[in-house]
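Source file: start_35.txt; contents: compact mmCIF, C-alpha atoms.
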```txt
# COMPACT_ATOMS: atom_id res chain seq x y z
CA MET A 1 0.00 0.00 0.00
CA ASN A 2 1.16 3.52 -0.84
CA LYS A 3 2.29 5.64 2.10
CA VAL A 4 0.94 9.16 1.74
CA GLU A 5 3.26 11.72 3.31
CA LEU A 6 3.35 15.48 3.73
CA ASN A 7 4.58 17.52 0.73
CA GLN A 8 3.96 14.73 -1.80
CA HIS A 9 2.10 15.80 -4.95
CA TYR A 10 -0.87 13.97 -6.53
CA ARG A 11 -2.86 14.59 -9.71
CA VAL A 12 -6.58 14.25 -8.87
CA LYS A 13 -9.95 15.74 -9.81
CA PRO A 14 -11.09 18.04 -6.99
CA ALA A 15 -14.84 18.61 -6.68
CA PHE A 16 -14.45 22.39 -6.49
CA ALA A 17 -12.76 22.63 -9.91
CA LYS A 18 -15.71 22.65 -12.29
CA GLY A 19 -14.50 23.48 -15.76
CA GLU A 20 -16.34 24.46 -18.91
CA GLY A 21 -19.38 22.28 -19.51
CA GLY A 22 -19.29 20.97 -15.92
CA THR A 23 -16.23 18.80 -16.49
CA VAL A 24 -13.75 18.47 -13.67
CA PRO A 25 -10.13 18.87 -14.78
CA SER A 26 -7.29 17.02 -13.10
CA MET A 27 -5.14 19.24 -10.92
CA THR A 28 -1.93 18.69 -9.01
CA GLY A 29 -2.18 19.20 -5.27
CA LYS A 30 0.30 19.00 -2.41
CA VAL A 31 -0.43 16.96 0.72
CA VAL A 32 -0.69 19.40 3.64
CA TYR A 33 -2.35 17.09 6.22
CA VAL A 34 -2.72 13.35 6.79
CA HIS A 35 -5.26 12.10 9.35
CA PRO A 36 -3.41 10.40 12.26
CA ARG A 37 -5.33 7.15 11.71
CA GLY A 38 -4.91 7.24 7.94
CA ARG A 39 -8.55 8.02 7.10
CA TYR A 40 -7.92 10.85 4.66
CA ALA A 41 -5.45 13.46 3.49
CA VAL A 42 -5.91 17.14 2.65
CA LEU A 43 -4.41 18.43 -0.59
CA GLU A 44 -3.76 22.07 -1.38
CA PHE A 45 -4.19 23.32 -4.94
CA MET A 46 -3.01 26.64 -6.37
CA GLY A 47 -5.61 28.32 -8.53
CA PRO A 48 -6.13 31.70 -10.17
CA HIS A 49 -7.81 33.01 -7.01
CA GLY A 50 -5.24 31.61 -4.57
CA PRO A 51 -4.93 28.32 -2.70
CA ALA A 52 -7.82 25.90 -2.16
CA ARG A 53 -7.90 22.72 -0.08
CA GLU A 54 -9.88 19.51 -0.33
CA SER A 55 -9.78 16.19 1.50
CA PHE A 56 -9.42 12.83 -0.25
CA GLU A 57 -9.64 9.23 0.90
CA LEU A 58 -6.18 7.67 0.90
CA SER A 59 -7.41 5.03 -1.57
CA LYS A 60 -7.70 7.84 -4.17
CA LEU A 61 -4.02 8.77 -3.71
CA THR A 62 -2.05 6.03 -5.42
CA GLU A 63 1.34 5.63 -7.06
CA LYS A 64 -0.44 5.95 -10.43
CA ASN A 65 -1.46 9.55 -9.80
CA ARG A 66 1.53 10.61 -7.70
CA VAL A 67 3.61 13.34 -9.30
CA ILE A 68 7.33 12.84 -8.90
CA GLU A 69 9.26 16.04 -9.31
CA LYS A 70 12.41 15.62 -11.34
CA ARG A 71 15.45 17.31 -9.86
CA VAL A 72 17.65 19.21 -12.25
CA SER A 73 21.35 18.97 -11.49
CA LYS A 74 23.50 22.01 -12.07
```

Would you put the structure from the file into structure tokens?
Amino acid sequence: MNKVELNQHYRVKPAFAKGEGGTVPSMTGKVVYVHPRGRYAVLEFMGPHGPARESFELSKLTEKNRVIEKRVSK
């Protein structure tokens, strides 16, 4: 099972992000809170009007939709 940790990034479809025609676009959010008993996690998304947060069941946050940031070496 995937271990969700603070500051990880996931690409999900938040309910608040209704796009044109009522479609929900995928957005990348950063984990800012994980419930102590592993019930859910809160992701923060940056939008045009500032940050927004939404909670997700941990089963929705998998390795498939985790965003791994590539480090650029100098």

Atom-to-atom span, atom CA of Ser26 of chain A and atom CA of Tyr10 of chain A, Å: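 It comes out at 9.7 Å.
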
- prompt: For Met46 of chain A, which residue among A:Thr28, A:Thr23, A:Ile68, A:Tyr33 is the nearest when counting all atoms listed in the file?
  reply: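 Nearest to Met46 of chain A: A:Thr28.
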
Residue nearest Leu6 of chain A - candidates A:Pro25, A:Lys18, A:Ala41, A:Lys64, atoms counted: only C-alpha atoms: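 Checking each of A:Pro25, A:Lys18, A:Ala41, A:Lys64 against Leu6 of chain A, counting only C-alpha atoms, the winner is A:Ala41.
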
- request: For Asn7 of chain A, please output as a PyMOL selection string all residues within 9 Å (counting all atoms listed in the file; exclusion window: fewer than 6 positions along the same chain).
  value: chain A and resi 30-33

query: Distance atom CA of His35 of chain A-atom CA of Lys60 of chain A, one decimal place?
result: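 According to the coordinates, atom CA of His35 of chain A and atom CA of Lys60 of chain A are separated by 14.4 Å.
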
- request: Please work out which residues fall within 10 Å of (-6.5, 6.6, 0.2), coordinates as given in the file, with only C-alpha atoms counting, and return them as a list in words.
  value: Met1, Asn2, Lys3, Val4, Gly38, Arg39, Tyr40, Ala41, Phe56, Glu57, Leu58, Ser59, Lys60, Leu61 and Thr62 of chain A
